[in-house]
Amino acid sequence: MLGVPGVAQGTSVPFYKNKFWGPIRANSVLEWNRSLASGLAVYLVEGSDGVYPRMDNIETASAFMLGDGLNSASVYLWNSGTGTYDGPYTTYASSDANFDVAVGLGDGVPRYVDGLNEPDKNGLMRVARFLEPPSLNTADPSTGQSRYLLLTRDSGTWQQDGGGNWYNTGIYGYGKGIYIDNLTDIQYAHNLAALRNEWMNPQPDNDPFPDADDDNGAWDRPAWSYAPPGVEIILHPDGDVDNDGTADYTYPVVQLLRDDGNWRTIDGSDSGSPLIYMAYPLNGVIYAEGNVRVAGILPPATAAGLPQYVDTKGTVSPADDDRYYDLTIVSGGTIYIEGDLMRPDTYLANAGQPTLGEARNSRLALLARDHVCLNMTAFGARYYAAGSTANLWDATNQAFKLTANTQVLAFTFRSFQPTPSPLIYLRHTGILQPGQVWNDSGVDYFTAIALAVNGSALQWGAGGTTFAFNPNQTPSANLSERVFEQPPQTQWEASVRPPAGAGVAFSGSGAINSLGFTVADSGVNINDYLLAGYQVLPSRINIDALIYAQEGSWFVLPGPWFNGSWAYTGNAIATDPVDDTAYGGVPSFRMALGSIPLTSGVPQPVIIVNGAITESHTASLGDAHDYLSKWSGPGALGALVNYAFDSGLRFPMYRDAAGNNLVRLPKLPCPPGLILWEEQ
């Protein structure tokens with residue numbers, strides 16, 4: 001199933017859209033879903049896309065079906081003469097007498113083909129054959145070993161330990177490919193239904209000191225952020241791993257952080273650390289037995305026109321290698337995307353810098369036995385237990401509570417965009433300190449909080465570095481009249497703050513930003529503070545990858561609603577970029593971050609998935625409904641989630657020793673019906 005029925009904010013506001021830019025193919029029934037209020041559009045290219053020749057189409061080896069209330073789906077075709085897409089052209093269900101493989105153009109070109117062995121309305125055949133998917137578990141016929149184990153675990157050199165026993169250095173990660181033996185990071189023993197249930201039912205953790213543990217799966221204490229077990233892989237485009245402008249290594253490195261113990265040294269002894277930095281693998285493969293959590297920026301090829309994937313020039317150091325950096329990451333569990341994944345040219349274009357061109361524009365493949373999951377809860381701020389005062393969680397009000405100026409509530413935020421320019425979202429209120437009042441004999445008493453970003457105080461408005469709460473005051477740039485009443489609280493203040501002009505700066509390119517809340521506790525600012533919702537969201541997220549979920553699906557994990565319990569009718573806070581005029585006064589604030597209507601000129605978040613997606617089955621319609629409800633933008637703002645086909649994935653860039661062209665992405669799995677000889 002592709003698309004989603006119309007989703008309403010409150011009772012009447014439609015949410016938009018799924019857009020697919022490129023070809024689509026299914027072995028099973030392909031069902032389109034949308035309503036008149038929502039959008040579903042497929043954009044196809046015939047001819048050149050400016051770089052590569054294309055002949056996009058939509059195929060199913062079974063049949064096309066249309067969801068409830070939908071009698072057609074829209075297709076647009078690229079017109080190279082005008083540089084625009086023509087359309088929409090109408091498609092139909094396979095059972096419809098109007099079914100037309102040429103989508104009404106009358107030129108006989110099959111663009112929309114199903115698996116029925118019969119002609120369309122114009123007498124054109126429309127047979128699309130079933131394609132057997134590749135398997136990550138394929139064994140080498142001569143050894144019986146998994147291909148990816150041979151490429152990683154068994155790809156090192158043979159050495160003897162102190163007892164005279166022989167071992168392959170690849171078992172500790174020191175081979176031509178990188179091997180990670182994190183079997184304990186597989187969730188629910190591959191029970192995908194149980195894993196999906198944990199994802200879609202965020203529950204607060206039972207640990208009195210909130211962090212990600214196993215009390216309630218991988219959700220943190222407030223159930224705002226999901227931190228699954230898995231090895232964290234950060235792709236660095238160079239050797240500057242701490243983003244301080246000075247190279248820590250003379251070559252690009254991969255950062256690998258285990259959560260199941262420490263790394264071993266090449267002789268098998270304990271390294272004493274779960275963190276290691278490694279050069280990109282010589283054969284382009286990283287294989288983890290369990291889950292992977294990945295983000296980062298790929299390095300560019302060292303030069304254009306290199307004849308082979310890597311030339312070490314006979315030296316041990318990677319610093320002088322001539323090579324490509326196309327990379328294949330394979331997981332025996334689930335791969336979680338927890339930040340931008342950018343090709344070199346995507347990053348450069350976003351930074352406003354000259355791009356390098358296709359010959360150096362590295363590509364990434366993510367191949368998982370279970371799911372490939374876009375973990376949206378990881379793209380914003382995450383609670384930082386180590387930097388926070390203990391036991392700040394108020395279970396009664398389901399919020400963090402600050403009562404004294406000696407307390408700190410800390411979060412971290414990371415974006416790989418060159419300049420993140422994120423928005424800060426808060427759902428918060430003031431609460432009386434025991435024995436105190438909001439007004440005593442004409443004197444108002446306040447809650448006053450401050451937020452530091454990388455050590456600098458956020459200016460809430462009019463130069464004020466604190467935000468105050470008092471029910472007797474008129475709302476202003478840095479004051480709200482909404483204070484705690486009684487549990488359950490219904491009058492939270494919902495605020496959005498752009499960092500531009502607010503006296504703070506967020507670092508990008510993978511740097512970790514620190515954020516800390518404190519509360520005043522002197523003079524008239526003596527009351528307490530509740531934080532019930534908090535997030536930092538970049539305006540742009542790029543995912544450049546070929547994605548393969550062998551047994552599961554491409555799954556977007558949206559997390560909980562930013563506010564799921566109360567009606568919101570706008571606020572009077574000056575400089576707040578929430579558009580309080582949208583939809584007749586914002587009839588409901590039961591929404592997540594991407595769907596909050598913002599005023600003109602404030603960047604609305606957008607997610608761009610550029611590559612290709614292959615999955616065993618799509619996520620259920622209900623699950624797609626859930627994430628699009630929370631992350632789709634209103635129709636006037638266009639599509640929040642855009643899917644585009646990257647035709648550069650299939651372009652051969654290098655050859656083997658015999659001069660034969662090789663697939664650009666290293667060591668992809670081979671489907672039945674194809675024969676691979678050595679690396680061809």
# chains A, B, ... in the order shown; residues from 1 in each chain; ligands from 1
$ residues_around --residues "region 657-668 of chain A" --least-positions-apart "3" --cutoff "8 Å" --atoms "only C-alpha atoms" --output "list in words"
Asn283, Gly284, Val285, Gln308, Asp326, Leu327, Thr328, Arg363, Leu364, Ala365, Leu649, Arg650, Phe651, Pro652, Met653, Tyr654, Glu679 and Gln680 of chain A
$ write_last_selection --atoms "C-alpha atoms" --output "mmCIF file, in the first residue's frame"
data_model
loop_
_atom_site.group_PDB
_atom_site.id
_atom_site.type_symbol
_atom_site.label_atom_id
_atom_site.label_comp_id
_atom_site.auth_asym_id
_atom_site.auth_seq_id
_atom_site.Cartn_x
_atom_site.Cartn_y
_atom_site.Cartn_z
ATOM 1 C CA ASN A 283 36.104 -3.698 0.400
ATOM 2 C CA GLY A 284 33.336 -1.207 1.219
ATOM 3 C CA VAL A 285 31.362 -3.463 3.614
ATOM 4 C CA GLN A 308 39.166 0.554 -9.290
ATOM 5 C CA ASP A 326 30.708 4.042 -1.737
ATOM 6 C CA LEU A 327 29.650 1.981 1.276
ATOM 7 C CA THR A 328 27.381 -0.982 2.059
ATOM 8 C CA ARG A 363 26.605 6.360 -2.403
ATOM 9 C CA LEU A 364 25.349 4.320 0.556
ATOM 10 C CA ALA A 365 23.409 1.049 0.838
ATOM 11 C CA LEU A 649 22.907 4.198 -7.797
ATOM 12 C CA ARG A 650 22.990 2.035 -10.918
ATOM 13 C CA PHE A 651 25.803 3.804 -12.722
ATOM 14 C CA PRO A 652 29.104 1.827 -12.807
ATOM 15 C CA MET A 653 32.009 3.955 -11.636
ATOM 16 C CA TYR A 654 34.865 1.447 -11.416
ATOM 17 C CA GLU A 679 32.908 -9.357 -8.062
ATOM 18 C CA GLN A 680 31.128 -8.708 -11.353
#
$ residues_around --residues "region 262-269 of chain A" --least-positions-apart "4" --cutoff "7 Å" --atoms "only C-alpha atoms" --output "list in words"
Asp161, Thr169, Tyr172, Tyr174, Arg258, Ser273 and Pro274 of chain A
$ write_last_selection --atoms "all heavy atoms" --output "mmCIF file, in the first residue's frame"
data_model
loop_
_atom_site.group_PDB
_atom_site.id
_atom_site.type_symbol
_atom_site.label_atom_id
_atom_site.label_comp_id
_atom_site.auth_asym_id
_atom_site.auth_seq_id
_atom_site.Cartn_x
_atom_site.Cartn_y
_atom_site.Cartn_z
ATOM 1 N N ASP A 161 47.603 -16.287 18.733
ATOM 2 C CA ASP A 161 47.522 -15.616 20.020
ATOM 3 C C ASP A 161 48.637 -16.108 20.931
ATOM 4 O O ASP A 161 49.500 -16.906 20.521
ATOM 5 C CB ASP A 161 46.146 -15.825 20.657
ATOM 6 C CG ASP A 161 45.835 -17.294 20.940
ATOM 7 O OD1 ASP A 161 46.768 -18.123 21.000
ATOM 8 O OD2 ASP A 161 44.644 -17.606 21.111
ATOM 9 N N THR A 169 41.985 -11.924 12.242
ATOM 10 C CA THR A 169 41.809 -10.599 12.858
ATOM 11 C C THR A 169 40.466 -9.964 12.506
ATOM 12 O O THR A 169 40.004 -9.051 13.194
ATOM 13 C CB THR A 169 42.936 -9.643 12.437
ATOM 14 O OG1 THR A 169 42.934 -9.509 11.001
ATOM 15 C CG2 THR A 169 44.284 -10.164 12.904
ATOM 16 N N TYR A 172 37.566 -9.490 15.155
ATOM 17 C CA TYR A 172 37.569 -8.329 16.053
ATOM 18 C C TYR A 172 37.342 -7.019 15.298
ATOM 19 O O TYR A 172 37.456 -5.940 15.879
ATOM 20 C CB TYR A 172 38.881 -8.268 16.827
ATOM 21 C CG TYR A 172 39.154 -9.517 17.631
ATOM 22 C CD1 TYR A 172 40.339 -10.236 17.467
ATOM 23 C CD2 TYR A 172 38.215 -10.002 18.551
ATOM 24 C CE1 TYR A 172 40.588 -11.387 18.201
ATOM 25 C CE2 TYR A 172 38.453 -11.158 19.282
ATOM 26 C CZ TYR A 172 39.643 -11.845 19.094
ATOM 27 O OH TYR A 172 39.878 -12.998 19.815
ATOM 28 N N TYR A 174 39.009 -6.180 12.341
ATOM 29 C CA TYR A 174 40.205 -5.703 11.645
ATOM 30 C C TYR A 174 40.442 -6.531 10.389
ATOM 31 O O TYR A 174 41.380 -7.328 10.302
ATOM 32 C CB TYR A 174 41.421 -5.773 12.570
ATOM 33 C CG TYR A 174 41.229 -5.000 13.854
ATOM 34 C CD1 TYR A 174 40.789 -5.653 15.010
ATOM 35 C CD2 TYR A 174 41.442 -3.631 13.909
ATOM 36 C CE1 TYR A 174 40.585 -4.960 16.193
ATOM 37 C CE2 TYR A 174 41.244 -2.928 15.089
ATOM 38 C CZ TYR A 174 40.813 -3.595 16.225
ATOM 39 O OH TYR A 174 40.610 -2.898 17.394
ATOM 40 N N ARG A 258 29.731 0.943 20.497
ATOM 41 C CA ARG A 258 28.962 -0.235 20.901
ATOM 42 C C ARG A 258 28.163 0.063 22.153
ATOM 43 O O ARG A 258 28.563 0.892 22.982
ATOM 44 C CB ARG A 258 29.893 -1.417 21.154
ATOM 45 C CG ARG A 258 30.832 -1.765 20.036
ATOM 46 C CD ARG A 258 31.644 -3.001 20.357
ATOM 47 N NE ARG A 258 30.805 -4.195 20.342
ATOM 48 C CZ ARG A 258 31.110 -5.301 19.681
ATOM 49 N NH1 ARG A 258 32.235 -5.377 18.979
ATOM 50 N NH2 ARG A 258 30.305 -6.340 19.717
ATOM 51 N N SER A 273 37.336 0.413 25.861
ATOM 52 C CA SER A 273 36.420 1.451 25.391
ATOM 53 C C SER A 273 35.403 0.852 24.418
ATOM 54 O O SER A 273 35.753 0.031 23.569
ATOM 55 C CB SER A 273 37.187 2.577 24.698
ATOM 56 O OG SER A 273 36.289 3.520 24.121
ATOM 57 N N PRO A 274 34.136 1.331 24.496
ATOM 58 C CA PRO A 274 33.140 0.902 23.501
ATOM 59 C C PRO A 274 33.232 1.687 22.201
ATOM 60 O O PRO A 274 32.516 1.387 21.245
ATOM 61 C CB PRO A 274 31.810 1.182 24.211
ATOM 62 C CG PRO A 274 32.118 2.354 25.094
ATOM 63 C CD PRO A 274 33.539 2.163 25.552
#
$ atom_distance --atom1 "CA of Arg497 (chain A)" --atom2 "CA of Ile541 (chain A)"
19.0 Å
$ residues_around --residues "region 390-393 of chain A" --least-positions-apart "3" --cutoff "12 Å" --atoms "only C-alpha atoms" --output "PyMOL selection string"
chain A and resi 204-211+220-223+383-387+396-404+406-410+517-518+528-532
$ select_by_dssp --residues "region 139-326 of chain A" --states "helix (DSSP H, G or I)" --output "VMD selection string"
chain A and resid 147 to 151 169 to 172 183 to 185 187 to 190 192 to 200 318 to 320
$ closest_residue --among "A:Tyr425, A:Tyr92, A:Ile512, A:Ala520" --to "Phe446 (chain A)" --atoms "only C-alpha atoms"
A:Ala520
$ decode --residues "region 266-292 of chain A" --atoms "N, CA, C and O atoms" --output "compact mmCIF listing (two decimals), in the first residue's frame"
# COMPACT_ATOMS: atom_id res chain seq x y z
N ILE A 266 43.43 -5.72 18.12
CA ILE A 266 43.68 -6.68 17.05
C ILE A 266 44.18 -8.03 17.57
O ILE A 266 44.03 -9.06 16.91
N ASP A 267 44.73 -8.04 18.79
CA ASP A 267 45.17 -9.32 19.37
C ASP A 267 44.11 -9.96 20.26
O ASP A 267 44.35 -10.97 20.91
N GLY A 268 42.91 -9.34 20.31
CA GLY A 268 41.81 -9.92 21.06
C GLY A 268 41.67 -9.44 22.48
O GLY A 268 40.72 -9.83 23.17
N SER A 269 42.56 -8.61 22.96
CA SER A 269 42.45 -8.11 24.33
C SER A 269 41.44 -6.97 24.40
O SER A 269 41.11 -6.34 23.39
N ASP A 270 40.93 -6.69 25.60
CA ASP A 270 39.93 -5.66 25.82
C ASP A 270 40.55 -4.29 25.61
O ASP A 270 41.55 -3.93 26.25
N SER A 271 39.95 -3.49 24.73
CA SER A 271 40.49 -2.15 24.46
C SER A 271 40.17 -1.17 25.59
O SER A 271 40.77 -0.09 25.66
N GLY A 272 39.20 -1.51 26.45
CA GLY A 272 38.80 -0.62 27.52
C GLY A 272 37.82 0.45 27.12
O GLY A 272 37.44 1.29 27.93
N SER A 273 37.34 0.41 25.86
CA SER A 273 36.42 1.45 25.39
C SER A 273 35.40 0.85 24.42
O SER A 273 35.75 0.03 23.57
N PRO A 274 34.14 1.33 24.50
CA PRO A 274 33.14 0.90 23.50
C PRO A 274 33.23 1.69 22.20
O PRO A 274 32.52 1.39 21.24
N LEU A 275 34.11 2.70 22.17
CA LEU A 275 34.23 3.60 21.02
C LEU A 275 35.51 3.33 20.26
O LEU A 275 36.58 3.15 20.86
N ILE A 276 35.39 3.33 18.92
CA ILE A 276 36.57 3.17 18.09
C ILE A 276 36.37 3.96 16.80
O ILE A 276 35.24 4.15 16.34
N TYR A 277 37.47 4.45 16.23
CA TYR A 277 37.45 5.10 14.92
C TYR A 277 38.25 4.24 13.96
O TYR A 277 39.39 3.87 14.25
N MET A 278 37.65 3.92 12.82
CA MET A 278 38.31 3.07 11.84
C MET A 278 38.29 3.73 10.47
O MET A 278 37.36 4.50 10.15
N ALA A 279 39.28 3.43 9.67
CA ALA A 279 39.25 3.86 8.28
C ALA A 279 38.11 3.15 7.56
O ALA A 279 37.68 2.06 7.96
N TYR A 280 37.59 3.78 6.53
CA TYR A 280 36.54 3.13 5.75
C TYR A 280 37.06 1.80 5.22
O TYR A 280 38.22 1.68 4.83
N PRO A 281 36.21 0.74 5.24
CA PRO A 281 36.69 -0.59 4.89
C PRO A 281 37.20 -0.67 3.45
O PRO A 281 36.64 -0.04 2.54
N LEU A 282 38.24 -1.49 3.26
CA LEU A 282 38.87 -1.60 1.95
C LEU A 282 37.94 -2.23 0.92
O LEU A 282 38.06 -1.95 -0.28
N ASN A 283 37.03 -3.10 1.37
CA ASN A 283 36.10 -3.70 0.40
C ASN A 283 34.73 -3.03 0.43
O ASN A 283 33.80 -3.49 -0.24
N GLY A 284 34.57 -1.98 1.23
CA GLY A 284 33.34 -1.21 1.22
C GLY A 284 32.19 -1.81 2.00
O GLY A 284 31.05 -1.39 1.81
N VAL A 285 32.44 -2.77 2.91
CA VAL A 285 31.36 -3.46 3.61
C VAL A 285 31.55 -3.37 5.12
O VAL A 285 32.64 -3.63 5.65
N ILE A 286 30.48 -3.00 5.83
CA ILE A 286 30.38 -3.11 7.28
C ILE A 286 29.24 -4.07 7.58
O ILE A 286 28.12 -3.87 7.09
N TYR A 287 29.51 -5.12 8.36
CA TYR A 287 28.47 -6.09 8.69
C TYR A 287 28.33 -6.19 10.20
O TYR A 287 29.30 -6.46 10.92
N ALA A 288 27.11 -5.95 10.70
CA ALA A 288 26.80 -6.09 12.12
C ALA A 288 25.82 -7.23 12.30
O ALA A 288 24.81 -7.31 11.59
N GLU A 289 26.10 -8.10 13.27
CA GLU A 289 25.19 -9.23 13.54
C GLU A 289 23.85 -8.73 14.08
O GLU A 289 22.81 -9.36 13.84
N GLY A 290 23.85 -7.62 14.80
CA GLY A 290 22.63 -7.08 15.39
C GLY A 290 22.27 -5.73 14.80
O GLY A 290 22.65 -5.38 13.68
N ASN A 291 21.53 -4.94 15.60
CA ASN A 291 21.03 -3.65 15.13
C ASN A 291 22.15 -2.66 14.84
O ASN A 291 23.23 -2.71 15.45
N VAL A 292 21.83 -1.72 13.95
CA VAL A 292 22.72 -0.61 13.60
C VAL A 292 21.94 0.69 13.75
O VAL A 292 20.77 0.77 13.39
